[in-house]
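Content type mmCIF, C-alpha atoms, from the file coords_30.cif:
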data_run
loop_
_atom_site.group_PDB
_atom_site.id
_atom_site.type_symbol
_atom_site.label_atom_id
_atom_site.label_comp_id
_atom_site.auth_asym_id
_atom_site.auth_seq_id
_atom_site.Cartn_x
_atom_site.Cartn_y
_atom_site.Cartn_z
ATOM 1 C CA MET A 5 0.000 0.000 0.000
ATOM 2 C CA LYS A 6 1.270 3.467 -0.915
ATOM 3 C CA PHE A 7 0.833 6.196 1.683
ATOM 4 C CA ASN A 8 0.505 9.943 1.303
ATOM 5 C CA PHE A 9 0.419 12.009 4.503
ATOM 6 C CA ILE A 10 -1.002 15.515 4.686
ATOM 7 C CA GLU A 11 -0.383 17.660 7.748
ATOM 8 C CA LYS A 12 -2.686 20.659 8.013
ATOM 9 C CA LYS A 13 -1.211 23.353 10.252
ATOM 10 C CA LEU A 14 0.554 20.903 12.566
ATOM 11 C CA GLN A 15 3.574 18.608 12.706
ATOM 12 C CA ILE A 16 3.002 14.880 13.201
ATOM 13 C CA ASP A 17 5.598 12.661 14.854
ATOM 14 C CA PRO A 18 7.072 9.890 12.698
ATOM 15 C CA GLU A 19 5.798 7.509 15.385
ATOM 16 C CA ILE A 20 2.175 8.518 14.625
ATOM 17 C CA LYS A 21 2.806 8.123 10.891
ATOM 18 C CA SER A 22 4.211 4.620 11.366
ATOM 19 C CA TYR A 23 1.215 3.790 13.605
ATOM 20 C CA ALA A 24 -1.128 4.968 10.827
ATOM 21 C CA GLU A 25 0.767 2.910 8.227
ATOM 22 C CA LYS A 26 0.498 -0.173 10.422
ATOM 23 C CA LYS A 27 -3.244 0.228 11.116
ATOM 24 C CA ILE A 28 -4.270 1.231 7.598
ATOM 25 C CA GLY A 29 -1.922 -1.327 6.027
ATOM 26 C CA LYS A 30 -4.033 -4.082 7.588
ATOM 27 C CA LEU A 31 -6.910 -3.038 5.313
ATOM 28 C CA ASP A 32 -4.861 -4.087 2.273
ATOM 29 C CA LYS A 33 -5.893 -7.704 2.900
ATOM 30 C CA PHE A 34 -9.342 -6.894 1.481
ATOM 31 C CA PHE A 35 -7.988 -5.973 -1.957
ATOM 32 C CA ARG A 36 -6.436 -7.969 -4.764
ATOM 33 C CA LYS A 37 -4.354 -5.086 -6.090
ATOM 34 C CA SER A 38 -2.212 -2.548 -4.278
ATOM 35 C CA SER A 39 -4.050 0.464 -2.853
ATOM 36 C CA ASP A 40 -3.247 4.116 -2.316
ATOM 37 C CA ALA A 41 -3.946 5.672 1.077
ATOM 38 C CA THR A 42 -4.122 9.376 1.815
ATOM 39 C CA VAL A 43 -4.106 10.293 5.481
ATOM 40 C CA SER A 44 -4.815 13.877 6.462
ATOM 41 C CA PHE A 45 -4.013 15.077 9.989
ATOM 42 C CA SER A 46 -5.486 18.268 11.405
ATOM 43 C CA THR A 47 -6.786 19.815 14.608
ATOM 44 C CA GLU A 48 -10.128 21.466 15.233
ATOM 45 C CA ARG A 49 -10.789 23.279 18.508
ATOM 46 C CA GLY A 50 -8.085 21.329 20.289
ATOM 47 C CA ARG A 51 -9.282 17.952 19.008
ATOM 48 C CA CYS A 52 -7.422 15.690 16.583
ATOM 49 C CA ARG A 53 -8.892 14.816 13.191
ATOM 50 C CA ALA A 54 -7.686 11.942 11.033
ATOM 51 C CA GLU A 55 -9.189 11.661 7.564
ATOM 52 C CA VAL A 56 -8.353 8.469 5.685
ATOM 53 C CA THR A 57 -9.080 7.966 1.984
ATOM 54 C CA LEU A 58 -8.331 4.633 0.302
ATOM 55 C CA ASN A 59 -8.250 4.264 -3.464
ATOM 56 C CA ASN A 60 -8.288 0.724 -4.734
ATOM 57 C CA ASN A 61 -8.533 0.421 -8.480
ATOM 58 C CA GLY A 62 -10.955 3.335 -8.797
ATOM 59 C CA MET A 63 -13.088 2.463 -5.773
ATOM 60 C CA PHE A 64 -12.797 5.076 -3.027
ATOM 61 C CA TYR A 65 -13.386 4.605 0.690
ATOM 62 C CA ARG A 66 -13.306 7.637 2.984
ATOM 63 C CA ALA A 67 -13.685 8.149 6.723
ATOM 64 C CA SER A 68 -12.982 11.093 8.989
ATOM 65 C CA GLU A 69 -12.856 10.957 12.777
ATOM 66 C CA LEU A 70 -12.459 13.664 15.415
ATOM 67 C CA THR A 71 -11.323 12.627 18.916
ATOM 68 C CA ASN A 72 -9.045 13.859 21.703
ATOM 69 C CA ASP A 73 -6.159 11.608 20.605
ATOM 70 C CA MET A 74 -4.698 11.189 17.107
ATOM 71 C CA ARG A 75 -4.232 7.434 17.569
ATOM 72 C CA ALA A 76 -7.884 7.053 18.570
ATOM 73 C CA SER A 77 -8.918 9.058 15.494
ATOM 74 C CA ILE A 78 -6.848 6.750 13.276
ATOM 75 C CA ASP A 79 -8.343 3.656 14.935
ATOM 76 C CA SER A 80 -11.918 4.920 14.511
ATOM 77 C CA ALA A 81 -11.374 5.908 10.881
ATOM 78 C CA CYS A 82 -9.874 2.472 10.117
ATOM 79 C CA ALA A 83 -12.824 0.738 11.763
ATOM 80 C CA LEU A 84 -15.283 2.812 9.706
ATOM 81 C CA ILE A 85 -13.458 2.052 6.462
ATOM 82 C CA GLU A 86 -13.281 -1.654 7.288
ATOM 83 C CA ARG A 87 -17.064 -1.687 7.786
ATOM 84 C CA GLN A 88 -17.546 0.154 4.486
ATOM 85 C CA ILE A 89 -15.307 -2.300 2.647
ATOM 86 C CA ARG A 90 -17.014 -5.384 4.085
ATOM 87 C CA LYS A 91 -20.509 -4.031 3.459
ATOM 88 C CA ASN A 92 -19.895 -2.838 -0.077
ATOM 89 C CA LYS A 93 -17.693 -5.720 -1.172
ATOM 90 C CA THR A 94 -20.342 -8.288 -0.228
ATOM 91 C CA ARG A 95 -23.033 -6.156 -1.856
ATOM 92 C CA LEU A 96 -21.019 -5.925 -5.073
ATOM 93 C CA GLU A 97 -20.254 -9.630 -5.119
ATOM 94 C CA LYS A 98 -23.913 -10.578 -4.578
ATOM 95 C CA LYS A 99 -25.779 -8.099 -6.763
ATOM 96 C CA LEU A 100 -23.484 -6.785 -9.441
ATOM 97 C CA ARG A 101 -21.839 -8.219 -12.481
ATOM 98 C CA ASP A 102 -18.602 -10.185 -12.435
ATOM 99 C CA GLY A 103 -15.508 -8.018 -12.506
ATOM 100 C CA ALA A 104 -17.172 -5.028 -10.854
ATOM 101 C CA LEU A 105 -14.386 -4.882 -8.288
ATOM 102 C CA GLU A 106 -11.618 -4.950 -10.901
ATOM 103 C CA ARG A 107 -12.630 -2.027 -13.127
ATOM 104 C CA GLU A 108 -10.199 0.845 -13.440
ATOM 105 C CA ILE A 109 -10.971 4.547 -13.159
ATOM 106 C CA LYS A 110 -8.092 6.961 -13.236
ATOM 107 C CA PRO A 111 -9.252 10.470 -12.365
ATOM 108 C CA GLU A 112 -7.254 13.300 -13.790
ATOM 109 C CA PHE A 113 -7.463 16.646 -11.999
ATOM 110 C CA ILE A 114 -6.796 19.742 -14.030
ATOM 111 C CA PRO A 115 -6.811 23.193 -12.402
ATOM 112 C CA ALA A 116 -9.168 25.741 -13.907
ATOM 113 C CA GLU A 117 -7.670 28.207 -16.352
ATOM 114 C CA ASP A 118 -7.248 31.783 -15.197
ATOM 115 C CA TYR A 119 -10.546 33.523 -15.647
ATOM 116 C CA GLU A 120 -11.545 37.106 -16.090
ATOM 117 C CA GLU A 121 -14.126 38.668 -13.821
ATOM 118 C CA LYS A 122 -16.321 39.914 -16.691
ATOM 119 C CA ASP A 123 -19.167 37.504 -15.975
ATOM 120 C CA ASP A 124 -20.965 36.531 -12.802
ATOM 121 C CA PHE A 125 -20.411 32.861 -13.675
ATOM 122 C CA GLN A 126 -16.968 31.948 -12.437
ATOM 123 C CA ILE A 127 -15.558 28.467 -12.844
ATOM 124 C CA VAL A 128 -13.074 28.046 -10.014
ATOM 125 C CA ARG A 129 -12.161 24.397 -10.513
ATOM 126 C CA THR A 130 -12.257 21.924 -13.387
ATOM 127 C CA LYS A 131 -11.972 18.152 -13.096
ATOM 128 C CA ARG A 132 -11.424 15.679 -15.888
ATOM 129 C CA PHE A 133 -11.777 11.950 -15.467
ATOM 130 C CA SER A 134 -12.329 8.945 -17.651
ATOM 131 C CA LEU A 135 -15.829 7.521 -17.600
ATOM 132 C CA LYS A 136 -16.116 3.777 -17.228
ATOM 133 C CA PRO A 137 -19.192 1.720 -18.059
ATOM 134 C CA MET A 138 -21.117 0.590 -14.986
ATOM 135 C CA THR A 139 -24.653 -0.079 -13.859
ATOM 136 C CA PRO A 140 -26.669 2.585 -12.016
ATOM 137 C CA GLU A 141 -26.380 0.478 -8.840
ATOM 138 C CA GLU A 142 -22.586 0.564 -9.060
ATOM 139 C CA ALA A 143 -22.689 4.328 -9.651
ATOM 140 C CA ILE A 144 -24.909 4.861 -6.575
ATOM 141 C CA LEU A 145 -22.550 2.731 -4.513
ATOM 142 C CA GLN A 146 -19.524 4.711 -5.713
ATOM 143 C CA MET A 147 -21.345 8.013 -5.076
ATOM 144 C CA ASN A 148 -22.161 6.951 -1.503
ATOM 145 C CA LEU A 149 -18.591 5.831 -0.867
ATOM 146 C CA LEU A 150 -17.296 9.225 -1.980
ATOM 147 C CA GLU A 151 -20.040 10.989 0.001
ATOM 148 C CA HIS A 152 -20.982 13.061 -3.058
ATOM 149 C CA GLU A 153 -24.412 14.343 -4.063
ATOM 150 C CA PHE A 154 -24.127 13.088 -7.660
ATOM 151 C CA PHE A 155 -21.983 10.789 -9.822
ATOM 152 C CA VAL A 156 -21.352 10.797 -13.598
ATOM 153 C CA PHE A 157 -20.894 7.490 -15.449
ATOM 154 C CA LEU A 158 -21.551 5.538 -18.661
ATOM 155 C CA ASN A 159 -24.729 3.506 -18.177
ATOM 156 C CA MET A 160 -24.195 -0.125 -19.220
ATOM 157 C CA ASP A 161 -27.958 -0.747 -19.032
ATOM 158 C CA ASP A 162 -28.594 2.007 -21.628
ATOM 159 C CA ASN A 163 -25.987 1.292 -24.338
ATOM 160 C CA ASP A 164 -23.196 3.151 -22.492
ATOM 161 C CA SER A 165 -25.078 6.462 -22.581
ATOM 162 C CA PHE A 166 -23.836 9.404 -20.528
ATOM 163 C CA SER A 167 -25.745 9.333 -17.224
ATOM 164 C CA VAL A 168 -25.841 10.963 -13.798
ATOM 165 C CA VAL A 169 -27.196 9.533 -10.537
ATOM 166 C CA TYR A 170 -28.037 11.904 -7.706
ATOM 167 C CA LYS A 171 -29.526 11.989 -4.215
ATOM 168 C CA ARG A 172 -33.060 13.383 -4.124
ATOM 169 C CA ASN A 173 -34.092 15.818 -1.379
ATOM 170 C CA GLN A 174 -37.240 13.743 -0.782
ATOM 171 C CA GLY A 175 -35.151 10.604 -0.319
ATOM 172 C CA GLY A 176 -34.043 7.960 -2.776
ATOM 173 C CA TYR A 177 -31.999 8.475 -5.909
ATOM 174 C CA GLY A 178 -32.535 9.942 -9.348
ATOM 175 C CA LEU A 179 -31.082 8.989 -12.723
ATOM 176 C CA ILE A 180 -30.514 11.413 -15.592
ATOM 177 C CA SER A 181 -29.631 9.923 -18.977
ATOM 178 C CA ALA A 182 -28.702 11.531 -22.271
ATOM 179 C CA ALA A 183 -31.459 11.487 -24.870
ATOM 180 C CA ASP A 184 -30.884 10.362 -28.454
ATOM 181 C CA VAL A 185 -31.044 13.283 -30.846
#
C-alpha cells encoding of this file:
Amino acid sequence: MKFNFIEKKLQIDPEIKSYAEKKIGKLDKFFRKSSDATVSFSTERGRCRAEVTLNNNGMFYRASELTNDMRASIDSACALIERQIRKNKTRLEKKLRDGALEREIKPEFIPAEDYEEKDDFQIVRTKRFSLKPMTPEEAILQMNLLEHEFFVFLNMDDNDSFSVVYKRNQGGYGLISAADV
C-alpha cells in the first residue's frame, strides 16, 4: 500500500505516521491489487482529526474521525473504512456483475484556467476523469462511498449512454440519462 500524509497546520511525529501505516496497512488484505492511502491530519478546537481515503482500483473509501487523541482518530477511521469495505464488497459480489471490483478509473485533476471577472459565472475548478461503463447500482454505490451528491458514469444498461445519478431531497436516488437526438 502506498501512503501519502497531509499535515494541516501541525507537525506529526514519525511515530504517529508509522502507527497509521500499520493500522491502515491491515486493510490491504481486502484488496487484490495494491491500494493508495491518503491520510490527512489536522486539529479542530483542540481535538485531533484523522481523515483516511483509500483508493483501490478506482473504488474510493473515505472516513474522517475527530477525537481527543490522534491514535484514537486513526483507529476509529480504520474501523469505519473496514465496515464500508465489508458491506460494499459483499453487496457488489452478490448483486453486481462479475468483474465489478476490478474495473479501473483513473481520475485526472486539471486546475481551472485563469478567468476574467467579466461575468458573474466563475468556474473556479475543473476536473477531468475517464468515464467507465457501470450499472446505475454501481454508480450509486460509488457516489455513496465518496459521500458526493451526484456521480457521472456511462450507463451499461442504456448502451453506455452518458448518465448521472443523484440523491433526491425527498429521499431515494434519481437517474438522468442523455437522450438520443
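Atom to atom, CA of Asn163 (chain A) and CA of Gly62 (chain A) stand 21.7 Å apart.
What separates CA of Ala41 (chain A) from CA of Ala67 (chain A) is a distance of 11.5 Å.
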> Where does the PyMOL selection byres ((chain A and resi 137-142) around 7) land in this file, that is, which residues does it pick, as JSON, numbers by chain?
Replying inline: {"A": [135, 136, 143, 144, 145, 146, 157, 158, 159, 160, 161, 164]}
> Any idea what the distance is between CA of Tyr170 (chain A) and CA of Asn92 (chain A)?
Replying inline: 18.5 Å
> Once the PyMOL selection byres ((chain A and resi 80) around 12) has been applied to the shown file, what residues remain in the selection, as a PyMOL selection string?
Replying inline: chain A and resi 24+27-28+52-56+66-79+81-87
> Residues picked by the PyMOL selection byres ((chain A and resi 36) around 10) here, as a list of chain:residue names?
Replying inline: A:Asp32, A:Lys33, A:Phe34, A:Phe35, A:Lys37, A:Ser38, A:Ser39, A:Asn60, A:Asn61, A:Leu105, A:Glu106
Take the residues from that selection and write them out as a PDB file, in the frame of the given file, keeping C-alpha atoms.
ATOM      1  CA  ASP A  32      -4.861  -4.087   2.273  1.00  0.00           C
ATOM      2  CA  LYS A  33      -5.893  -7.704   2.900  1.00  0.00           C
ATOM      3  CA  PHE A  34      -9.342  -6.894   1.481  1.00  0.00           C
ATOM      4  CA  PHE A  35      -7.988  -5.973  -1.957  1.00  0.00           C
ATOM      5  CA  LYS A  37      -4.354  -5.086  -6.090  1.00  0.00           C
ATOM      6  CA  SER A  38      -2.212  -2.548  -4.278  1.00  0.00           C
ATOM      7  CA  SER A  39      -4.050   0.464  -2.853  1.00  0.00           C
ATOM      8  CA  ASN A  60      -8.288   0.724  -4.734  1.00  0.00           C
ATOM      9  CA  ASN A  61      -8.533   0.421  -8.480  1.00  0.00           C
ATOM     10  CA  LEU A 105     -14.386  -4.882  -8.288  1.00  0.00           C
ATOM     11  CA  GLU A 106     -11.618  -4.950 -10.901  1.00  0.00           C
TER      12      GLU A 106
END
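For the set A:Ile180, A:Leu31, A:Leu14, A:Met147, the residue with the smallest atom-to-atom gap to Asp162 (chain A) is A:Ile180, counting all atoms listed in the file.
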> Hey, can you pull every residue with an atom no more than 10 Å from (2.3, 11.2, 2.3), using all atoms listed in the file, and send it as a PyMOL selection string?
Replying inline: chain A and resi 6-11+21+41-44
Quick one: axis-aligned box around all listed atoms of region 131-149 of chain A, 6 Å on every side, centre and edge lengths in Å to one decimal, written as JSON.
{"center_x": -19.0, "center_y": 9.0, "center_z": -9.5, "size_x": 27.2, "size_y": 30.2, "size_z": 29.2}
